Amino acid sequence: MEFIKVTEQPSLYRHLEKMTTEDVLTNINTEDKTVPYIIERAIPGIAALVNVVKEKILAGGKLFYIGAGTSGRLGVLDASECPPTYGVLPDLVVGIMAGGDAALRYGIENAEDDEELGWADLQAYRVSSKDVVIGIAASGTTPYVVGALRNARQSGITTGCIVCNEGSPVAQHADYPVELVVGPEFVTGSTRMKSGTAQKLVLNMISTATMIGIGLVEDNQMVNMQISNNKLVDRGIKMVMKQTGLSDYKVAKSALLQYGSVKLAVRALEQRS
């Protein structure tokens, strides 16, 4: 029986080329508004996935995202934002996409058709049963992702997925599937739109909830963020001052730059007092 992809069904809108710019934007916005409500219904499944990711990372494992096209780029983006935001090592959350780094900028679409390549790419990072692999595929049928999850699961590795069709081949190989059925796209088949938006929002949720869960956020502050530019230095100084009650900006700045993170600077200043 053929697998029907809702993501490929005809748009609910016709003759887009005859719409005014305002109508195009209004209709895109109307469709985008539906996405958070669909994610809301998926929160129990997202929570289950986050909980196992936290458990694995606290036990010394890593999180891998793997995908192709827009889905792959979103995974790489989320992974790349974890080190500067939370001060983790670059190999704690790893984004892998079909076609490699070149595919981030240029479309290398045929790379996703190789069902064994995804697993080979994961093995290059020495993926193991300590880790979690999350496949990202709007269609839920991408061979690159299907093969990666199938082989990972057969190797005793915990798997999850973020897909936008129900009952897809990718989800069948996921221990923790997250299915976000956002429906037909405004431009038929253009899954960088609602599907991509849904995936991006859920990736934000997964990485943020994981980092909070492993102790890298205190109160509502990114106390382990990398102090890598003037804006972040100033933000960090103010966080140090707030947490310690210190009124001297220069002393707070000196401690922050010496210890490299808000958390360590606060700890050192408290030990001095």
# chains A, B, ... in the order shown; residues from 1 in each chain; ligands from 1

$ closest_atom_pairs --of "region 163-256 of chain A" --to "region 132-153 of chain A" --cutoff "7 Å" --atoms "only C-alpha atoms" --output "Markdown table"
| residue | atom | partner | partner_atom | distance |
| --- | --- | --- | --- | --- |
| A:Val163 | CA | A:Ala138 | CA | 4.8 |
| A:Cys164 | CA | A:Ala138 | CA | 4.8 |
| A:Asn165 | CA | A:Ser139 | CA | 6.1 |
| A:Ser168 | CA | A:Gly140 | CA | 5.0 |
| A:Pro169 | CA | A:Thr141 | CA | 5.6 |
| A:Val170 | CA | A:Gly140 | CA | 5.0 |
| A:Ala171 | CA | A:Gly140 | CA | 6.8 |
| A:His173 | CA | A:Arg150 | CA | 5.4 |
| A:Ala174 | CA | A:Leu149 | CA | 6.8 |
| A:Thr191 | CA | A:Ala138 | CA | 6.6 |
| A:Ser195 | CA | A:Ala138 | CA | 6.1 |

$ write_last_selection --atoms "N, CA and C atoms" --output "mmCIF file, in the first residue's frame"
data_model
loop_
_atom_site.group_PDB
_atom_site.id
_atom_site.type_symbol
_atom_site.label_atom_id
_atom_site.label_comp_id
_atom_site.auth_asym_id
_atom_site.auth_seq_id
_atom_site.Cartn_x
_atom_site.Cartn_y
_atom_site.Cartn_z
ATOM 1 N N VAL A 163 9.014 14.207 12.427
ATOM 2 C CA VAL A 163 8.466 14.066 11.076
ATOM 3 C C VAL A 163 7.131 14.798 10.983
ATOM 4 N N CYS A 164 6.666 15.003 9.755
ATOM 5 C CA CYS A 164 5.420 15.759 9.551
ATOM 6 C C CYS A 164 4.358 14.956 8.809
ATOM 7 N N ASN A 165 4.504 13.640 8.825
ATOM 8 C CA ASN A 165 3.472 12.727 8.342
ATOM 9 C C ASN A 165 3.278 11.653 9.396
ATOM 10 N N SER A 168 4.980 7.144 9.332
ATOM 11 C CA SER A 168 5.979 7.125 8.264
ATOM 12 C C SER A 168 7.051 6.051 8.498
ATOM 13 N N PRO A 169 7.806 5.702 7.447
ATOM 14 C CA PRO A 169 8.916 4.762 7.601
ATOM 15 C C PRO A 169 9.953 5.234 8.619
ATOM 16 N N VAL A 170 10.252 6.516 8.649
ATOM 17 C CA VAL A 170 11.205 7.021 9.640
ATOM 18 C C VAL A 170 10.693 6.766 11.051
ATOM 19 N N ALA A 171 9.419 7.075 11.304
ATOM 20 C CA ALA A 171 8.839 6.887 12.636
ATOM 21 C C ALA A 171 8.844 5.422 13.057
ATOM 22 N N HIS A 173 11.135 3.395 12.721
ATOM 23 C CA HIS A 173 12.457 3.042 13.251
ATOM 24 C C HIS A 173 12.855 3.922 14.433
ATOM 25 N N ALA A 174 11.888 4.645 14.988
ATOM 26 C CA ALA A 174 12.160 5.545 16.110
ATOM 27 C C ALA A 174 11.533 5.014 17.391
ATOM 28 N N THR A 191 8.164 22.081 1.967
ATOM 29 C CA THR A 191 8.198 21.738 3.395
ATOM 30 C C THR A 191 9.181 22.582 4.195
ATOM 31 N N SER A 195 6.215 22.856 7.767
ATOM 32 C CA SER A 195 6.947 21.705 8.295
ATOM 33 C C SER A 195 8.268 22.138 8.911
#

$ residues_around --residues "region 236-243 of chain A" --least-positions-apart "2" --cutoff "8 Å" --atoms "only C-alpha atoms" --output "list in words"
Gln221, Val223, Ile227, Leu232, Val233, Asp234, Gly245, Leu246, Ser247, Asp248, Tyr249, Ala252, Lys253, Leu256, Ser261, Val262, Ala265 and Val266 of chain A

$ closest_residue --among "A:Met97, A:Ala111, A:Pro184, A:Ile57" --to "Ile4 (chain A)" --atoms "only C-alpha atoms"
A:Pro184

$ residues_around --residues "Leu12 (chain A)" --least-positions-apart "5" --cutoff "10 Å" --atoms "only C-alpha atoms" --output "list in words"
Glu31, Gly183, Pro184, Glu185, Phe186, Val187 and Thr188 of chain A

$ select_by_dssp --residues "region 24-223 of chain A" --states "strand (DSSP E)" --output "list of chain:residue names"
A:Leu63, A:Phe64, A:Tyr65, A:Ile66, A:Gly67, A:Val93, A:Val94, A:Gly95, A:Ile96, A:Met97, A:Val132, A:Val133, A:Ile134, A:Gly135, A:Ile136, A:Ala137, A:Thr158, A:Thr159, A:Gly160, A:Cys161, A:Ile162, A:Val163, A:Tyr176, A:Pro177, A:Val178, A:Glu179

$ residues_around --residues "region 199-204 of chain A" --least-positions-apart "5" --cutoff "8 Å" --atoms "only C-alpha atoms" --output "ChimeraX atom specification"
/A:39,46,71,74-75,78,136,162-163

$ write_last_selection --atoms "C-alpha atoms" --output "mmCIF file, in the first residue's frame"
data_model
loop_
_atom_site.group_PDB
_atom_site.id
_atom_site.type_symbol
_atom_site.label_atom_id
_atom_site.label_comp_id
_atom_site.auth_asym_id
_atom_site.auth_seq_id
_atom_site.Cartn_x
_atom_site.Cartn_y
_atom_site.Cartn_z
ATOM 1 C CA ILE A 39 3.054 21.007 18.547
ATOM 2 C CA ILE A 46 8.507 15.466 22.956
ATOM 3 C CA SER A 71 15.458 19.165 7.893
ATOM 4 C CA LEU A 74 17.722 22.804 10.922
ATOM 5 C CA GLY A 75 19.396 20.015 12.900
ATOM 6 C CA ASP A 78 20.286 23.708 16.507
ATOM 7 C CA ILE A 136 14.593 14.770 11.096
ATOM 8 C CA ILE A 162 10.718 14.622 14.082
ATOM 9 C CA VAL A 163 8.466 14.066 11.076
#

$ residues_around --residues "Val127 (chain A)" --least-positions-apart "5" --cutoff "10 Å" --atoms "only C-alpha atoms" --output "PyMOL selection string"
chain A and resi 61-64+119+121-122+132-133+152+155+157

$ write_last_selection --atoms "N, CA and C atoms" --output "PDB file, in the first residue's frame"
ATOM      1  N   GLY A  61      26.677  10.247  27.375  1.00  0.00           N
ATOM      2  CA  GLY A  61      26.366  10.097  25.962  1.00  0.00           C
ATOM      3  C   GLY A  61      26.249  11.421  25.225  1.00  0.00           C
ATOM      4  N   LYS A  62      25.876  11.321  23.954  1.00  0.00           N
ATOM      5  CA  LYS A  62      25.752  12.489  23.100  1.00  0.00           C
ATOM      6  C   LYS A  62      24.408  12.458  22.369  1.00  0.00           C
ATOM      7  N   LEU A  63      24.049  13.599  21.799  1.00  0.00           N
ATOM      8  CA  LEU A  63      22.838  13.707  20.996  1.00  0.00           C
ATOM      9  C   LEU A  63      23.229  13.963  19.554  1.00  0.00           C
ATOM     10  N   PHE A  64      22.693  13.162  18.653  1.00  0.00           N
ATOM     11  CA  PHE A  64      22.922  13.341  17.225  1.00  0.00           C
ATOM     12  C   PHE A  64      21.611  13.674  16.523  1.00  0.00           C
ATOM     13  N   TRP A 119      23.996   6.050   8.032  1.00  0.00           N
ATOM     14  CA  TRP A 119      24.638   5.231   9.062  1.00  0.00           C
ATOM     15  C   TRP A 119      26.155   5.358   8.984  1.00  0.00           C
ATOM     16  N   ASP A 121      27.780   7.974   7.963  1.00  0.00           N
ATOM     17  CA  ASP A 121      28.108   9.295   8.519  1.00  0.00           C
ATOM     18  C   ASP A 121      28.066   9.277  10.049  1.00  0.00           C
ATOM     19  N   LEU A 122      27.106   8.576  10.621  1.00  0.00           N
ATOM     20  CA  LEU A 122      27.037   8.454  12.083  1.00  0.00           C
ATOM     21  C   LEU A 122      28.246   7.695  12.628  1.00  0.00           C
ATOM     22  N   VAL A 132      21.933   9.136  21.702  1.00  0.00           N
ATOM     23  CA  VAL A 132      20.588   9.198  21.118  1.00  0.00           C
ATOM     24  C   VAL A 132      20.717   9.780  19.719  1.00  0.00           C
ATOM     25  N   VAL A 133      20.052   9.159  18.758  1.00  0.00           N
ATOM     26  CA  VAL A 133      20.029   9.662  17.388  1.00  0.00           C
ATOM     27  C   VAL A 133      18.599  10.071  17.036  1.00  0.00           C
ATOM     28  N   ALA A 152      20.938   2.298  13.457  1.00  0.00           N
ATOM     29  CA  ALA A 152      21.197   2.723  14.833  1.00  0.00           C
ATOM     30  C   ALA A 152      20.416   1.854  15.811  1.00  0.00           C
ATOM     31  N   SER A 155      21.707  -1.494  16.286  1.00  0.00           N
ATOM     32  CA  SER A 155      22.959  -1.483  17.042  1.00  0.00           C
ATOM     33  C   SER A 155      22.744  -1.131  18.512  1.00  0.00           C
ATOM     34  N   ILE A 157      21.114   1.499  19.756  1.00  0.00           N
ATOM     35  CA  ILE A 157      21.160   2.934  20.016  1.00  0.00           C
ATOM     36  C   ILE A 157      19.736   3.475  20.087  1.00  0.00           C
TER      37      ILE A 157
END

$ closest_residue --among "A:Gly45, A:Asn230, A:Met225, A:Asp175" --to "Gly260 (chain A)" --atoms "only C-alpha atoms"
A:Met225
